[in-house]
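K.L.:
Here it is: the structure, laid out below.
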Amino acid sequence: MSEGWDATTLARAQFAFTMSFHIVFPAFSIGLASYLAVLEALWLVTKREVFINLFNYWLKIFAVAFGMGVVSGIVMSYQFGTNWSAFSDKTGPVIGPLMAYEVLTAFFLEAGFLGVMLFGLDRVGPRLHFFATLMVAVGTLISAFWILSANSWMQTPAGHAVNDAGQFVAADWLKVIFNPSFPYRLVHMVLAAYLTTAFVVGGVGAWHLLRDQRLAGPRVMFSMAMWMATIVAPIQIFAGDQHGLNTLEHQPVKIMAMEGHFDSHKDGAPLYLFGWPNLAAGKLDYAIGVPKLGSLILKHSLDAPMAGLDTVPREDWPPVPITFWSFRIMVGMGLSMMTLGLLSLLMRFRGTLYSSRLLHLIAVAMAPSGFVAVLAGWITTETGRQPFTVYGLLRTADSVSPLAAPAVGSSLIAFIIVYFVVFTAGAIYLLRLMAQPPHHREQGPRSDVPARAAGITPAAATAAEGTLR
């Protein structure tokens, strides 16, 4: 694998591989934690058994997904020291505290209440248990806040200075945290997490409705998921559009790659629907586009000029083909989600939401669409930033550790083998859990630890009682 690939390329491939496995779990757990909080709140208010059954059903799935996310995230953090030591040295004074804040706030909050959430319903009472569930949900959102702040600073760095050692240091922490792209990126990612969870929940509900349309649990979960798709998917498309305008302002080269604009357009740029980016020739082969629509979307004017990659030195071009196509996959998934939401709304008005076999088949097929969209969006964001790790300031080639290609290649092979074994087993287990419908008096995760894990043991208590007698 290392033959013909340099250490930088292999290090990027390793981080991309591990990140691709990791990102789907936080995206799912962020949305699922909030969904669990909603289910438990509905149970407390309405006392309907179906809500607590669904809560316990999805709680078991959440426990597995959360654990897989933690394991995959820990592995990623080591790569900053092994493969990206130069990056860690130069950006550590800025990125390090942001990552530490995520641990000190979000992870501690989640870890502190996770055990109560998983095993405490019969021990602490419904209201305190709901508070624990709510804290876990809030913790996942706080985690997204800090991680996206750090990543957004790398995309649109602000509020920093450079010291005598060539390190980035914070000059204004508020500007570092709330950098120009951060609000747009945070909203876009949180909505993506909610949609990811909604389509998994909807797909599972549809799967069981295909077998039995009378099941109460699948009917409720499918209805809730389709409401989320109907309402949130259009909002996500609007949020994505606003994010794109922000990217045009601060990362115009990324937009050029996303849109396939190799040439500048003085009188309005087209919106290319399809094409094949030809880096050697510097053009988009087999292009199919709508004239001037690109300028209308990005600058709200049909005749607005748009600069192309011909204005950028070749060494500063991102990898255009993968950025171009991943962006279209993301947009395609978003439009498909909105279409399914609108179709479900039509079926709801017709009274066939639970009986339309076609709708259920489409929902099952769309179940992984959120994961595909999240991965495609992340690939678009990160490849479009190249050839920089800190946009415009620190090049990727200057961020890598001084390692030989065989060392990085061998560790990448080890990661591939271990990840496919471990995470394939985890994914199969999750699918097996989802393959069974929620039952009457559904039980949550079971704990086999003793009820009295500390203090006086029964044996000691018996001996003390005998002494008193």
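Quick note on naming: the chains in the structure tokens go A, B, ... in the order shown, residues restart at 1 in each chain, and ligands are numbered from 1 in order of appearance.
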Please identify which residues in range 229-364 of chain A DSSP calls strand (DSSP E) from the backbone, and express them as an MDAnalysis selection string.
P.N.:
chainID A and resid 271:278 283:290
K.L.:
Within 7 Å of range 15-25 of chain A, counting only C-alpha atoms, which residues qualify if same-chain residues fewer than 4 places away don't, as an MDAnalysis selection string?
P.N.:
chainID A and resid 11 29 65:66 68:69 72:73 76 371 375
K.L.:
What does the file look like for those residues with N, CA, C and O atoms, as a PDB file, in the first residue's frame?
P.N.:
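Generated file (selection_18.pdb):
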ATOM      1  N   ALA A  11      -1.101   9.270   5.567  1.00  0.00           N
ATOM      2  CA  ALA A  11      -1.635   9.819   6.814  1.00  0.00           C
ATOM      3  C   ALA A  11      -3.023  10.402   6.604  1.00  0.00           C
ATOM      4  O   ALA A  11      -3.915  10.246   7.445  1.00  0.00           O
ATOM      5  N   SER A  29     -26.009   9.288  17.387  1.00  0.00           N
ATOM      6  CA  SER A  29     -26.265   9.378  18.825  1.00  0.00           C
ATOM      7  C   SER A  29     -26.753  10.765  19.238  1.00  0.00           C
ATOM      8  O   SER A  29     -27.533  10.888  20.180  1.00  0.00           O
ATOM      9  N   ALA A  65     -24.503   2.196  19.969  1.00  0.00           N
ATOM     10  CA  ALA A  65     -23.984   3.220  19.062  1.00  0.00           C
ATOM     11  C   ALA A  65     -23.089   4.210  19.801  1.00  0.00           C
ATOM     12  O   ALA A  65     -22.049   4.634  19.280  1.00  0.00           O
ATOM     13  N   PHE A  66     -23.475   4.577  21.018  1.00  0.00           N
ATOM     14  CA  PHE A  66     -22.674   5.513  21.807  1.00  0.00           C
ATOM     15  C   PHE A  66     -21.304   4.904  22.124  1.00  0.00           C
ATOM     16  O   PHE A  66     -20.271   5.567  22.004  1.00  0.00           O
ATOM     17  N   MET A  68     -19.693   2.570  20.444  1.00  0.00           N
ATOM     18  CA  MET A  68     -18.892   2.481  19.224  1.00  0.00           C
ATOM     19  C   MET A  68     -18.339   3.848  18.836  1.00  0.00           C
ATOM     20  O   MET A  68     -17.212   3.968  18.336  1.00  0.00           O
ATOM     21  N   GLY A  69     -19.110   4.897  19.086  1.00  0.00           N
ATOM     22  CA  GLY A  69     -18.631   6.240  18.801  1.00  0.00           C
ATOM     23  C   GLY A  69     -17.467   6.637  19.688  1.00  0.00           C
ATOM     24  O   GLY A  69     -16.498   7.251  19.223  1.00  0.00           O
ATOM     25  N   SER A  72     -14.231   4.641  18.555  1.00  0.00           N
ATOM     26  CA  SER A  72     -13.661   5.140  17.300  1.00  0.00           C
ATOM     27  C   SER A  72     -13.087   6.542  17.472  1.00  0.00           C
ATOM     28  O   SER A  72     -12.106   6.909  16.816  1.00  0.00           O
ATOM     29  N   GLY A  73     -13.671   7.353  18.365  1.00  0.00           N
ATOM     30  CA  GLY A  73     -13.151   8.697  18.588  1.00  0.00           C
ATOM     31  C   GLY A  73     -11.829   8.702  19.319  1.00  0.00           C
ATOM     32  O   GLY A  73     -10.949   9.536  19.041  1.00  0.00           O
ATOM     33  N   MET A  76      -8.959   8.104  16.969  1.00  0.00           N
ATOM     34  CA  MET A  76      -8.631   9.251  16.126  1.00  0.00           C
ATOM     35  C   MET A  76      -7.714  10.233  16.829  1.00  0.00           C
ATOM     36  O   MET A  76      -6.821  10.825  16.216  1.00  0.00           O
ATOM     37  N   PHE A 371     -26.744   8.823   6.881  1.00  0.00           N
ATOM     38  CA  PHE A 371     -25.319   8.500   6.998  1.00  0.00           C
ATOM     39  C   PHE A 371     -24.574   8.863   5.719  1.00  0.00           C
ATOM     40  O   PHE A 371     -23.457   9.395   5.760  1.00  0.00           O
ATOM     41  N   LEU A 375     -21.574  11.672   5.546  1.00  0.00           N
ATOM     42  CA  LEU A 375     -20.252  11.340   5.014  1.00  0.00           C
ATOM     43  C   LEU A 375     -19.905  12.202   3.808  1.00  0.00           C
ATOM     44  O   LEU A 375     -18.791  12.724   3.700  1.00  0.00           O
TER      45      LEU A 375
END
K.L.:
Pick from A:Leu433, A:Val200, A:Leu191, A:Leu36: nearest to Ala132 in chain A, with only C-alpha atoms counted?
P.N.:
A:Leu36
K.L.:
Just want the 7 Å neighbourhood of range 254-265 of chain A, counted on only C-alpha atoms, with same-chain residues fewer than 5 positions away dropped. Output as a list in words.
P.N.:
Thr247, Leu248, Tyr272, Pro277, Gly282, Lys283, Leu284, Pro305, Met306, Ala307, Gly308, Leu309, Asp310, Pro318, Val320, Thr323, Phe324, Phe327, Gly384 and Arg385 of chain A
K.L.:
Please provide the set of residues having any atom within 12 Å of Val364 in chain A, restricted to only C-alpha atoms, with same-chain residues fewer than 3 positions apart removed, written as a PyMOL selection string.
P.N.:
chain A and resi 198-210+222+340+357-361+367-369+435
K.L.:
Can you spit out the residues from that selection as an mmCIF file, in the first residue's frame, using N, CA and C atoms?
P.N.:
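The file below, selection_33.cif, is the result:
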data_model
loop_
_atom_site.group_PDB
_atom_site.id
_atom_site.type_symbol
_atom_site.label_atom_id
_atom_site.label_comp_id
_atom_site.auth_asym_id
_atom_site.auth_seq_id
_atom_site.Cartn_x
_atom_site.Cartn_y
_atom_site.Cartn_z
ATOM 1 N N ALA A 198 -33.843 10.419 12.289
ATOM 2 C CA ALA A 198 -35.234 10.313 11.847
ATOM 3 C C ALA A 198 -35.397 9.262 10.752
ATOM 4 N N PHE A 199 -34.450 9.220 9.821
ATOM 5 C CA PHE A 199 -34.602 8.264 8.722
ATOM 6 C C PHE A 199 -34.268 6.841 9.149
ATOM 7 N N VAL A 200 -33.392 6.678 10.141
ATOM 8 C CA VAL A 200 -33.196 5.333 10.687
ATOM 9 C C VAL A 200 -34.447 4.886 11.418
ATOM 10 N N VAL A 201 -34.997 5.756 12.270
ATOM 11 C CA VAL A 201 -36.218 5.414 13.009
ATOM 12 C C VAL A 201 -37.357 5.148 12.035
ATOM 13 N N GLY A 202 -37.494 6.016 11.027
ATOM 14 C CA GLY A 202 -38.548 5.813 10.040
ATOM 15 C C GLY A 202 -38.369 4.538 9.243
ATOM 16 N N GLY A 203 -37.117 4.223 8.885
ATOM 17 C CA GLY A 203 -36.872 2.988 8.141
ATOM 18 C C GLY A 203 -37.185 1.752 8.954
ATOM 19 N N VAL A 204 -36.818 1.776 10.254
ATOM 20 C CA VAL A 204 -37.131 0.632 11.123
ATOM 21 C C VAL A 204 -38.635 0.501 11.301
ATOM 22 N N GLY A 205 -39.318 1.632 11.532
ATOM 23 C CA GLY A 205 -40.771 1.583 11.658
ATOM 24 C C GLY A 205 -41.434 1.057 10.395
ATOM 25 N N ALA A 206 -40.967 1.531 9.230
ATOM 26 C CA ALA A 206 -41.537 1.068 7.961
ATOM 27 C C ALA A 206 -41.289 -0.423 7.751
ATOM 28 N N TRP A 207 -40.106 -0.898 8.160
ATOM 29 C CA TRP A 207 -39.783 -2.331 8.021
ATOM 30 C C TRP A 207 -40.793 -3.193 8.769
ATOM 31 N N HIS A 208 -41.133 -2.782 9.969
ATOM 32 C CA HIS A 208 -42.075 -3.569 10.755
ATOM 33 C C HIS A 208 -43.517 -3.377 10.286
ATOM 34 N N LEU A 209 -43.833 -2.198 9.752
ATOM 35 C CA LEU A 209 -45.180 -1.991 9.208
ATOM 36 C C LEU A 209 -45.404 -2.815 7.945
ATOM 37 N N LEU A 210 -44.351 -3.087 7.193
ATOM 38 C CA LEU A 210 -44.491 -3.965 6.024
ATOM 39 C C LEU A 210 -44.916 -5.368 6.439
ATOM 40 N N PHE A 222 -42.809 5.577 13.120
ATOM 41 C CA PHE A 222 -42.844 5.972 11.711
ATOM 42 C C PHE A 222 -43.490 7.347 11.546
ATOM 43 N N LEU A 340 -39.328 12.546 0.281
ATOM 44 C CA LEU A 340 -40.004 11.524 1.077
ATOM 45 C C LEU A 340 -40.871 12.160 2.155
ATOM 46 N N ARG A 357 -47.802 0.609 1.083
ATOM 47 C CA ARG A 357 -46.638 -0.266 0.984
ATOM 48 C C ARG A 357 -45.499 0.422 0.226
ATOM 49 N N LEU A 358 -45.843 1.203 -0.796
ATOM 50 C CA LEU A 358 -44.826 1.908 -1.566
ATOM 51 C C LEU A 358 -44.065 2.894 -0.675
ATOM 52 N N LEU A 359 -44.796 3.642 0.154
ATOM 53 C CA LEU A 359 -44.151 4.592 1.065
ATOM 54 C C LEU A 359 -43.216 3.878 2.026
ATOM 55 N N HIS A 360 -43.648 2.738 2.531
ATOM 56 C CA HIS A 360 -42.826 1.996 3.487
ATOM 57 C C HIS A 360 -41.569 1.433 2.814
ATOM 58 N N LEU A 361 -41.705 0.963 1.595
ATOM 59 C CA LEU A 361 -40.537 0.452 0.879
ATOM 60 C C LEU A 361 -39.516 1.565 0.627
ATOM 61 N N ALA A 367 -33.426 4.574 4.721
ATOM 62 C CA ALA A 367 -32.950 4.524 6.111
ATOM 63 C C ALA A 367 -31.488 4.943 6.256
ATOM 64 N N PRO A 368 -30.569 4.503 5.378
ATOM 65 C CA PRO A 368 -29.166 4.929 5.539
ATOM 66 C C PRO A 368 -28.838 6.258 4.877
ATOM 67 N N SER A 369 -29.839 6.966 4.338
ATOM 68 C CA SER A 369 -29.555 8.184 3.568
ATOM 69 C C SER A 369 -28.892 9.259 4.411
ATOM 70 N N ALA A 435 -34.192 -5.427 13.935
ATOM 71 C CA ALA A 435 -35.030 -6.377 13.195
ATOM 72 C C ALA A 435 -36.216 -6.862 14.013
#
K.L.:
If you take only C-alpha atoms and a cut-off of 12 Å, which residues of range 173-261 of chain A touch range 39-45 of chain A, and what are their nearest atom pairs and distances in Å to one decimal, in chain and number order, as a Markdown table?
P.N.:
| residue | atom | partner | partner_atom | distance |
| --- | --- | --- | --- | --- |
| A:Gly217 | CA | A:Leu39 | CA | 11.5 |
| A:Val220 | CA | A:Leu39 | CA | 10.3 |
| A:Met221 | CA | A:Leu39 | CA | 9.7 |
| A:Met224 | CA | A:Leu39 | CA | 10.1 |
K.L.:
Could you tell me which of A:Gln14, A:Ser34, A:Ser85, A:Ser301 comes closest to Ser401 in chain A if we count only C-alpha atoms?
P.N.:
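Using only C-alpha atoms, the shortest distance to Ser401 in chain A belongs to A:Ser85.
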K.L.:
Might you pull out every residue within 12 Å of Pro387 in chain A, with only C-alpha atoms counted and same-chain residues fewer than 6 positions away left off, and present them as a list of chain:residue names?
P.N.:
A:Thr8, A:Thr9, A:Arg12, A:Gln155, A:Val253, A:Lys254, A:Pro313, A:Arg314, A:Glu315, A:Asp316, A:Trp317, A:Pro318, A:Pro319, A:Val320, A:Leu393, A:Leu394, A:Arg395, A:Thr396, A:Ala397, A:Asp398, A:Ser399
K.L.:
For Leu10 in chain A, list every protein, DNA or RNA residue within 8 Å, evaluated using only C-alpha atoms, and leave out those in the same chain fewer than 6 positions away; present the list as number ranges by chain.
P.N.:
A: 2, 405, 408-409, 412
K.L.:
Mind dumping the selected residues with all heavy atoms as a PDB file, in the first residue's frame?
P.N.:
ATOM      1  N   SER A   2       2.020   1.195   0.686  1.00  0.00           N
ATOM      2  CA  SER A   2       2.865   2.384   0.792  1.00  0.00           C
ATOM      3  C   SER A   2       3.656   2.649  -0.477  1.00  0.00           C
ATOM      4  O   SER A   2       4.204   3.732  -0.644  1.00  0.00           O
ATOM      5  CB  SER A   2       3.820   2.239   1.979  1.00  0.00           C
ATOM      6  OG  SER A   2       4.659   1.119   1.795  1.00  0.00           O
ATOM      7  N   ALA A 405       6.840   6.334   4.812  1.00  0.00           N
ATOM      8  CA  ALA A 405       5.585   5.840   4.260  1.00  0.00           C
ATOM      9  C   ALA A 405       5.253   4.410   4.716  1.00  0.00           C
ATOM     10  O   ALA A 405       4.094   4.127   5.034  1.00  0.00           O
ATOM     11  CB  ALA A 405       5.622   5.922   2.738  1.00  0.00           C
ATOM     12  N   VAL A 408       3.459   4.398   8.161  1.00  0.00           N
ATOM     13  CA  VAL A 408       2.066   4.857   8.125  1.00  0.00           C
ATOM     14  C   VAL A 408       1.197   3.842   7.391  1.00  0.00           C
ATOM     15  O   VAL A 408       0.071   3.554   7.795  1.00  0.00           O
ATOM     16  CB  VAL A 408       1.976   6.237   7.451  1.00  0.00           C
ATOM     17  CG1 VAL A 408       0.540   6.762   7.512  1.00  0.00           C
ATOM     18  CG2 VAL A 408       2.918   7.227   8.114  1.00  0.00           C
ATOM     19  N   GLY A 409       1.746   3.283   6.303  1.00  0.00           N
ATOM     20  CA  GLY A 409       0.965   2.317   5.533  1.00  0.00           C
ATOM     21  C   GLY A 409       0.636   1.068   6.323  1.00  0.00           C
ATOM     22  O   GLY A 409      -0.478   0.542   6.245  1.00  0.00           O
ATOM     23  N   LEU A 412      -2.105   1.822   8.743  1.00  0.00           N
ATOM     24  CA  LEU A 412      -3.377   1.958   8.029  1.00  0.00           C
ATOM     25  C   LEU A 412      -3.982   0.597   7.721  1.00  0.00           C
ATOM     26  O   LEU A 412      -5.188   0.382   7.890  1.00  0.00           O
ATOM     27  CB  LEU A 412      -3.156   2.747   6.734  1.00  0.00           C
ATOM     28  CG  LEU A 412      -4.360   2.858   5.783  1.00  0.00           C
ATOM     29  CD1 LEU A 412      -5.564   3.481   6.493  1.00  0.00           C
ATOM     30  CD2 LEU A 412      -3.982   3.670   4.536  1.00  0.00           C
TER      31      LEU A 412
END
K.L.:
Once DSSP has gone over the backbone, tell me which residues of range 84-255 of chain A are in helix (DSSP H, G or I), as a PyMOL selection string.
P.N.:
chain A and resi 85-119+121-124+126-155+173-177+182-211+216-250+252-255
